[in-house]
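Here's data-v8.cif, which has mmCIF, C-alpha atoms:
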data_upload
loop_
_atom_site.group_PDB
_atom_site.id
_atom_site.type_symbol
_atom_site.label_atom_id
_atom_site.label_comp_id
_atom_site.auth_asym_id
_atom_site.auth_seq_id
_atom_site.Cartn_x
_atom_site.Cartn_y
_atom_site.Cartn_z
ATOM 1 C CA MET A 172 48.105 91.479 51.980
ATOM 2 C CA GLN A 173 51.570 92.700 52.771
ATOM 3 C CA GLU A 174 50.272 96.264 52.561
ATOM 4 C CA LEU A 175 47.646 95.524 55.194
ATOM 5 C CA LEU A 176 50.153 93.988 57.548
ATOM 6 C CA LEU A 177 52.377 97.016 57.192
ATOM 7 C CA LEU A 178 49.449 99.297 57.969
ATOM 8 C CA SER A 179 48.658 97.379 61.133
ATOM 9 C CA GLU A 180 52.240 97.849 62.252
ATOM 10 C CA LEU A 181 52.072 101.608 61.937
ATOM 11 C CA PRO A 182 51.662 103.599 65.129
ATOM 12 C CA VAL A 183 48.034 104.737 65.419
ATOM 13 C CA ALA A 184 48.929 108.453 65.442
ATOM 14 C CA GLN A 185 50.870 108.124 62.193
ATOM 15 C CA ALA A 186 48.053 106.245 60.502
ATOM 16 C CA VAL A 187 45.493 108.806 61.622
ATOM 17 C CA SER A 188 47.604 111.661 60.392
ATOM 18 C CA LEU A 189 48.132 109.940 57.040
ATOM 19 C CA ASP A 190 44.372 109.461 56.727
ATOM 20 C CA ALA A 191 43.790 113.109 57.526
ATOM 21 C CA GLN A 192 46.436 114.162 55.014
ATOM 22 C CA VAL A 193 44.980 112.078 52.204
ATOM 23 C CA GLU A 194 41.466 113.191 53.092
ATOM 24 C CA GLN A 195 42.531 116.806 52.764
ATOM 25 C CA ILE A 196 44.225 116.170 49.424
ATOM 26 C CA TYR A 197 41.121 114.289 48.328
ATOM 27 C CA ALA A 198 38.872 117.226 49.231
ATOM 28 C CA GLU A 199 41.048 119.592 47.202
ATOM 29 C CA VAL A 200 42.094 117.524 44.212
ATOM 30 C CA ARG A 201 39.485 114.809 43.663
ATOM 31 C CA ASN A 202 37.092 116.881 41.555
ATOM 32 C CA PRO A 203 39.798 118.444 39.341
ATOM 33 C CA VAL A 204 41.311 114.994 38.662
ATOM 34 C CA CYS A 205 37.917 113.437 37.951
ATOM 35 C CA ALA A 206 37.020 116.360 35.669
ATOM 36 C CA TYR A 207 40.277 115.881 33.773
ATOM 37 C CA LEU A 208 39.448 112.217 33.160
ATOM 38 C CA LEU A 209 35.986 113.154 31.915
ATOM 39 C CA TYR A 210 37.660 115.703 29.705
ATOM 40 C CA LEU A 211 39.901 112.951 28.306
ATOM 41 C CA GLY A 212 36.735 111.136 27.297
ATOM 42 C CA LEU A 213 36.212 108.562 30.052
ATOM 43 C CA PRO A 214 32.570 107.844 30.953
ATOM 44 C CA ALA A 215 31.553 109.127 34.402
ATOM 45 C CA ALA A 216 31.648 105.736 36.152
ATOM 46 C CA GLN A 217 35.133 104.949 34.881
ATOM 47 C CA ALA A 218 36.410 108.450 35.576
ATOM 48 C CA GLN A 219 35.216 107.996 39.137
ATOM 49 C CA GLU A 220 36.857 104.572 39.469
ATOM 50 C CA VAL A 221 40.164 105.744 38.021
ATOM 51 C CA THR A 222 40.141 108.755 40.339
ATOM 52 C CA GLN A 223 39.625 106.493 43.360
ATOM 53 C CA GLU A 224 42.381 104.192 42.143
ATOM 54 C CA ALA A 225 44.768 107.122 41.784
ATOM 55 C CA PHE A 226 44.022 108.224 45.341
ATOM 56 C CA LEU A 227 44.487 104.714 46.638
ATOM 57 C CA ARG A 228 47.898 104.578 45.001
ATOM 58 C CA LEU A 229 48.712 107.909 46.572
ATOM 59 C CA TYR A 230 47.624 106.558 49.948
ATOM 60 C CA GLN A 231 49.687 103.406 49.534
ATOM 61 C CA THR A 232 52.737 105.336 48.343
ATOM 62 C CA MET A 233 52.551 107.739 51.265
ATOM 63 C CA ARG A 234 51.992 104.875 53.660
ATOM 64 C CA LYS A 235 55.243 103.314 52.460
ATOM 65 C CA GLY A 236 56.914 106.538 53.429
ATOM 66 C CA ASP A 237 57.772 107.553 49.863
ATOM 67 C CA GLY A 238 57.806 111.314 49.681
ATOM 68 C CA ILE A 239 55.618 113.029 47.105
ATOM 69 C CA ASP A 240 56.625 116.630 46.510
ATOM 70 C CA ASN A 241 53.495 117.729 44.746
ATOM 71 C CA PRO A 242 50.538 115.375 45.297
ATOM 72 C CA ARG A 243 48.351 117.361 42.884
ATOM 73 C CA ALA A 244 50.716 116.885 39.939
ATOM 74 C CA TRP A 245 51.412 113.294 41.020
ATOM 75 C CA LEU A 246 47.688 112.481 41.022
ATOM 76 C CA PHE A 247 47.131 114.046 37.601
ATOM 77 C CA ARG A 248 50.013 111.989 36.213
ATOM 78 C CA VAL A 249 48.819 108.685 37.703
ATOM 79 C CA ALA A 250 45.194 109.367 36.719
ATOM 80 C CA HIS A 251 46.251 110.285 33.185
ATOM 81 C CA ASN A 252 48.193 107.031 32.760
ATOM 82 C CA LEU A 253 45.472 104.882 34.326
ATOM 83 C CA GLY A 254 42.841 106.701 32.285
ATOM 84 C CA LEU A 255 44.647 106.017 29.028
ATOM 85 C CA LYS A 256 45.033 102.337 29.934
ATOM 86 C CA VAL A 257 41.344 102.011 30.733
ATOM 87 C CA ARG A 258 40.479 103.872 27.569
ATOM 88 C CA SER A 259 42.562 101.616 25.376
ATOM 89 C CA ARG A 260 41.022 98.528 27.041
ATOM 90 C CA GLU A 261 37.481 99.643 26.530
ATOM 91 C CA ARG A 262 36.152 99.399 23.036
ATOM 92 C CA ALA A 263 32.840 101.034 23.745
ATOM 93 C CA PHE A 264 34.435 104.369 24.472
ATOM 94 C CA ARG A 265 33.246 107.612 23.092
ATOM 95 C CA ALA A 266 35.635 109.577 20.889
ATOM 96 C CA VAL A 267 39.004 110.512 22.366
ATOM 97 C CA ALA A 268 38.502 114.188 21.629
ATOM 98 C CA PRO A 269 35.668 115.796 23.544
ATOM 99 C CA ASP A 270 32.730 117.048 21.576
ATOM 100 C CA TRP A 271 33.526 120.733 21.641
ATOM 101 C CA ASP A 272 30.062 121.718 20.483
ATOM 102 C CA ARG A 273 28.604 120.728 23.814
ATOM 103 C CA PHE A 274 30.817 123.255 25.560
ATOM 104 C CA VAL A 275 30.027 126.228 23.367
ATOM 105 C CA HIS A 276 26.750 127.446 24.782
ATOM 106 C CA PRO A 277 26.493 126.750 28.489
ATOM 107 C CA SER A 278 23.034 126.287 29.898
ATOM 108 C CA ALA A 279 23.778 124.424 33.118
ATOM 109 C CA SER A 280 26.119 126.947 34.646
ATOM 110 C CA PRO A 281 24.822 130.388 35.629
ATOM 111 C CA GLU A 282 28.402 131.691 35.658
ATOM 112 C CA GLY A 283 28.749 130.468 32.130
ATOM 113 C CA LEU A 284 25.930 132.740 31.081
ATOM 114 C CA LEU A 285 27.911 135.707 32.329
ATOM 115 C CA LEU A 286 30.650 134.950 29.876
ATOM 116 C CA ASP A 287 30.074 136.821 26.670
ATOM 117 C CA ARG A 288 28.588 134.367 24.226
ATOM 118 C CA GLU A 289 30.399 135.752 21.274
ATOM 119 C CA LYS A 290 33.718 135.517 23.059
ATOM 120 C CA THR A 291 32.851 131.990 24.191
ATOM 121 C CA GLY A 292 32.170 131.060 20.594
ATOM 122 C CA ARG A 293 35.482 132.513 19.492
ATOM 123 C CA VAL A 294 37.345 130.649 22.238
ATOM 124 C CA ALA A 295 35.550 127.421 21.305
ATOM 125 C CA ASP A 296 36.422 127.900 17.643
ATOM 126 C CA ALA A 297 40.050 128.529 18.545
ATOM 127 C CA MET A 298 40.044 125.413 20.748
ATOM 128 C CA GLU A 299 38.738 123.350 17.884
ATOM 129 C CA SER A 300 41.654 124.404 15.740
ATOM 130 C CA LEU A 301 44.148 123.083 18.331
ATOM 131 C CA SER A 302 45.496 119.552 18.537
ATOM 132 C CA PRO A 303 44.290 117.306 21.400
ATOM 133 C CA GLN A 304 47.711 117.576 23.066
ATOM 134 C CA GLN A 305 47.719 121.364 22.824
ATOM 135 C CA ARG A 306 44.277 121.363 24.451
ATOM 136 C CA ASN A 307 45.467 118.979 27.153
ATOM 137 C CA CYS A 308 48.394 121.300 27.910
ATOM 138 C CA LEU A 309 46.033 124.262 28.215
ATOM 139 C CA TYR A 310 43.692 122.271 30.433
ATOM 140 C CA LEU A 311 46.443 121.203 32.822
ATOM 141 C CA ARG A 312 47.964 124.695 32.837
ATOM 142 C CA SER A 313 44.600 126.048 33.957
ATOM 143 C CA GLU A 314 44.589 123.437 36.721
ATOM 144 C CA GLY A 315 47.710 125.093 38.086
ATOM 145 C CA LEU A 316 50.350 122.633 36.865
ATOM 146 C CA ARG A 317 53.807 123.916 35.936
ATOM 147 C CA TYR A 318 55.254 123.108 32.499
ATOM 148 C CA ARG A 319 57.515 120.415 33.959
ATOM 149 C CA GLU A 320 54.532 118.798 35.656
ATOM 150 C CA ILE A 321 52.399 118.948 32.510
ATOM 151 C CA ALA A 322 55.279 117.282 30.660
ATOM 152 C CA GLU A 323 55.329 114.465 33.235
ATOM 153 C CA VAL A 324 51.553 113.986 33.094
ATOM 154 C CA ILE A 325 51.364 113.785 29.317
ATOM 155 C CA GLY A 326 54.728 112.097 28.798
ATOM 156 C CA ILE A 327 56.381 114.707 26.596
ATOM 157 C CA SER A 328 59.316 117.069 27.120
ATOM 158 C CA SER A 329 59.013 120.456 28.819
ATOM 159 C CA SER A 330 60.132 122.165 25.634
ATOM 160 C CA THR A 331 57.296 120.491 23.730
ATOM 161 C CA VAL A 332 54.841 121.692 26.376
ATOM 162 C CA ASN A 333 56.303 125.148 25.905
ATOM 163 C CA GLU A 334 55.845 124.890 22.150
ATOM 164 C CA PHE A 335 52.255 123.585 22.424
ATOM 165 C CA LEU A 336 51.291 126.329 24.852
ATOM 166 C CA ARG A 337 52.903 129.029 22.748
ATOM 167 C CA ARG A 338 50.858 128.021 19.722
ATOM 168 C CA ALA A 339 47.666 127.545 21.723
ATOM 169 C CA ILE A 340 47.847 130.848 23.615
ATOM 170 C CA ALA A 341 48.851 132.783 20.498
ATOM 171 C CA ARG A 342 45.883 131.237 18.695
ATOM 172 C CA LEU A 343 43.512 132.152 21.555
ATOM 173 C CA ALA A 344 44.902 135.687 21.697
ATOM 174 C CA GLU A 345 44.341 136.056 17.994
ATOM 175 C CA ALA A 346 40.758 134.816 18.324
ATOM 176 C CA VAL A 347 39.908 137.007 21.320
ATOM 177 C CA ASN A 348 41.625 140.186 20.158
ATOM 178 C CA GLY A 349 40.330 139.818 16.629
ATOM 179 C CA MET B 126 68.703 137.672 26.104
ATOM 180 C CA ASP B 127 69.307 140.705 23.907
ATOM 181 C CA ARG B 128 67.919 143.644 25.882
ATOM 182 C CA THR B 129 67.364 145.808 22.828
ATOM 183 C CA ALA B 130 65.521 143.271 20.660
ATOM 184 C CA HIS B 131 61.805 142.693 21.086
ATOM 185 C CA LEU B 132 60.766 139.704 23.163
ATOM 186 C CA SER B 133 59.623 136.630 21.265
ATOM 187 C CA THR B 134 56.111 135.236 21.762
ATOM 188 C CA ASP B 135 57.780 132.323 23.524
ATOM 189 C CA ASP B 136 59.490 134.650 25.992
ATOM 190 C CA LEU B 137 56.311 136.629 26.591
ATOM 191 C CA ILE B 138 54.362 133.472 27.426
ATOM 192 C CA LEU B 139 57.136 132.129 29.648
ATOM 193 C CA PHE B 140 57.187 135.516 31.394
ATOM 194 C CA MET B 141 53.411 135.501 31.822
ATOM 195 C CA ASP B 142 53.454 131.948 33.200
ATOM 196 C CA ARG B 143 56.429 132.630 35.502
ATOM 197 C CA GLU B 144 58.322 129.841 33.799
ATOM 198 C CA MET B 145 61.450 131.903 33.035
ATOM 199 C CA GLU B 146 64.687 131.567 34.919
ATOM 200 C CA LEU B 147 65.106 134.377 37.427
ATOM 201 C CA GLY B 148 67.819 136.224 35.489
ATOM 202 C CA SER B 149 65.935 136.093 32.202
ATOM 203 C CA ARG B 150 62.738 137.100 33.953
ATOM 204 C CA ALA B 151 64.390 140.199 35.368
ATOM 205 C CA ALA B 152 65.780 141.118 31.942
ATOM 206 C CA ALA B 153 62.403 140.557 30.291
ATOM 207 C CA GLY B 154 60.690 142.622 33.009
ATOM 208 C CA THR B 155 63.102 145.498 32.421
ATOM 209 C CA HIS B 156 62.520 145.311 28.687
ATOM 210 C CA LEU B 157 58.741 145.304 29.163
ATOM 211 C CA LEU B 158 58.940 148.445 31.289
ATOM 212 C CA ASN B 159 60.542 150.270 28.393
ATOM 213 C CA CYS B 160 58.930 148.720 25.347
ATOM 214 C CA ALA B 161 55.331 149.623 24.580
ATOM 215 C CA GLU B 162 55.237 147.225 21.622
ATOM 216 C CA CYS B 163 56.142 144.198 23.745
ATOM 217 C CA GLY B 164 53.801 145.414 26.492
ATOM 218 C CA LYS B 165 50.962 145.473 23.987
ATOM 219 C CA ARG B 166 51.772 141.972 22.743
ATOM 220 C CA LEU B 167 51.947 140.702 26.312
ATOM 221 C CA ALA B 168 48.526 142.234 27.072
ATOM 222 C CA ALA B 169 47.052 140.493 24.000
ATOM 223 C CA LEU B 170 48.442 137.133 25.116
ATOM 224 C CA GLN B 171 47.148 137.726 28.634
ATOM 225 C CA ALA B 172 43.706 138.454 27.191
ATOM 226 C CA GLY B 173 43.787 135.171 25.258
ATOM 227 C CA SER B 174 44.938 133.301 28.332
ATOM 228 C CA ALA B 175 42.278 134.940 30.535
ATOM 229 C CA ALA B 176 39.530 134.155 28.022
ATOM 230 C CA TYR B 177 40.528 130.495 28.109
ATOM 231 C CA GLY B 178 40.685 130.611 31.927
ATOM 232 C CA GLN B 179 37.096 131.842 32.091
ATOM 233 C CA TYR B 180 36.014 129.288 29.536
ATOM 234 C CA HIS B 181 37.798 126.542 31.458
ATOM 235 C CA GLU B 182 36.172 127.408 34.789
ATOM 236 C CA HIS B 183 32.709 128.517 33.746
ATOM 237 C CA VAL B 184 31.945 126.571 30.593
ATOM 238 C CA LEU B 185 34.159 123.542 30.161
ATOM 239 C CA LYS B 186 34.342 122.190 33.712
ATOM 240 C CA PRO B 187 30.654 122.639 34.592
ATOM 241 C CA ALA B 188 29.767 120.883 31.332
ATOM 242 C CA LEU B 189 31.863 117.861 32.326
ATOM 243 C CA GLY B 190 29.523 117.116 35.268
ATOM 244 C CA VAL B 191 31.840 115.598 37.855
ATOM 245 C CA PRO B 192 30.058 112.897 39.893
ATOM 246 C CA GLU B 193 30.333 113.280 43.669
ATOM 247 C CA SER B 194 32.040 110.688 45.849
ATOM 248 C CA GLY B 195 33.720 110.622 49.250
ATOM 249 C CA TRP B 196 37.218 109.352 49.987
ATOM 250 C CA ALA B 197 36.114 106.936 52.705
ATOM 251 C CA GLU B 198 33.556 105.432 50.329
ATOM 252 C CA GLY B 199 36.125 104.640 47.644
ATOM 253 C CA LYS B 200 38.800 103.544 50.070
ATOM 254 C CA LYS B 201 36.853 100.388 50.909
ATOM 255 C CA LYS B 202 37.343 98.945 47.415
ATOM 256 C CA PRO B 203 41.023 97.976 47.529
ATOM 257 C CA SER B 204 40.847 96.387 50.941
ATOM 258 C CA ARG B 205 38.440 93.885 49.407
ATOM 259 C CA ARG B 206 40.825 93.413 46.527
ATOM 260 C CA ASN B 207 43.795 93.038 48.861
ATOM 261 C CA CYS B 208 41.932 90.395 50.811
ATOM 262 C CA GLY B 209 41.902 88.196 47.749
ATOM 263 C CA GLN B 210 38.405 88.868 46.486
ATOM 264 C CA LYS B 211 37.978 89.307 42.802
ATOM 265 C CA PRO B 212 37.171 92.842 41.709
ATOM 266 C CA ARG B 213 33.670 93.330 40.462
ATOM 267 C CA PRO B 214 33.325 92.987 36.687
#

Let me see the structure of the file written as structure tokens.
Amino acid sequence: MQELLLLSELPVAQAVSLDAQVEQIYAEVRNPVCAYLLYLGLPAAQAQEVTQEAFLRLYQTMRKGDGIDNPRAWLFRVAHNLGLKVRSRERAFRAVAPDWDRFVHPSASPEGLLLDREKTGRVADAMESLSPQQRNCLYLRSEGLRYREIAEVIGISSSTVNEFLRRAIARLAEAVNG
Amino acid sequence: MDRTAHLSTDDLILFMDREMELGSRAAAGTHLLNCAECGKRLAALQAGSAAYGQYHEHVLKPALGVPESGWAEGKKKPSRRNCGQKPRP
């Protein structure tokens, strides 16, 4: 309730600009955040709800005037934490680790077909040999997060992120280069 | 960083990801210009990283099937919650 009263006290121009700002962030970051939650193993409906919740928290935080340096990393962190909470609450969840087999041979994506199947298989095999946290680090790195930001999202130190990525990339290089 | 010794895998990955401090990055860059062995190892790591990047974008993410939704649509939910209504089960 207090939040709503505060919003009504904001000058109209400020509120509009905040809306526009969040809408722009939403357009850019919503799908990557939702995809990350699906990747963590949340069912689609819950991934969608958690994503919305993360954006609402962003909206409320920005409305309070709290500065957020990097909304993308902030959203990944909040969504990750909310996602884990939801996941631990729900008993009827699928396995924590994604089923890697379903990613090996793409049929839905035409771009996926362009990727050499043999190489895809080797990458998938290498991925399977990594720990869930190593895979999470790789995933977030590919979403453009810096090591420090990945560390904040997952709740580990930057040096551990560094270590996980070193092992993961070396393993992938080995698989790809034979 | 020892300029004569080969770069470690750690250093090569930090260099590739632009995660090195500026001074160390410059030293590593200089070493890479003069060391074919480290250049080759860096290229192999870049190939591994690029293969994952392609996999990430063209295989993994499309397979996740992200459901569509607009910001305005989702924004309505909390106002109901803030107004004292119970969230839907």

Carefully work through the PyMOL selection byres ((chain B) within 8 of (chain A)) for this structure and note down the residues it includes, as number ranges by chain.
B: 134-135, 138-139, 144, 169-174, 176-181, 183-194, 196, 199-200, 203, 207-208

When distances are computed from only C-alpha atoms, which of A:Thr232, A:Gln192, A:Asn241, A:Thr331 shows the smallest separation from Gln305 of chain A?
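Among the listed residues, A:Thr331 lies closest to Gln305 of chain A.
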
Between atom CA of Ser133 of chain B and atom CA of Cys163 of chain B, what distance in Å does the model show, to one decimal?
8.7 Å

Between atom CA of Met141 of chain B and atom CA of Leu167 of chain B, what is the spacing in Å?
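That distance, rounded to one decimal, is 7.7 Å.
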
Excluding segment 145-151 of chain B and its own-chain neighbours fewer than 5 positions away, which residues fall within 9 Å of it when counting all atoms listed in the file? Please give them as a PyMOL selection string.
chain B and resi 126+136+139-140+156

Would you mind reading off the distance between atom CA of Ile327 of chain A and atom CA of Val221 of chain A, one decimal, in Å?
21.8 Å
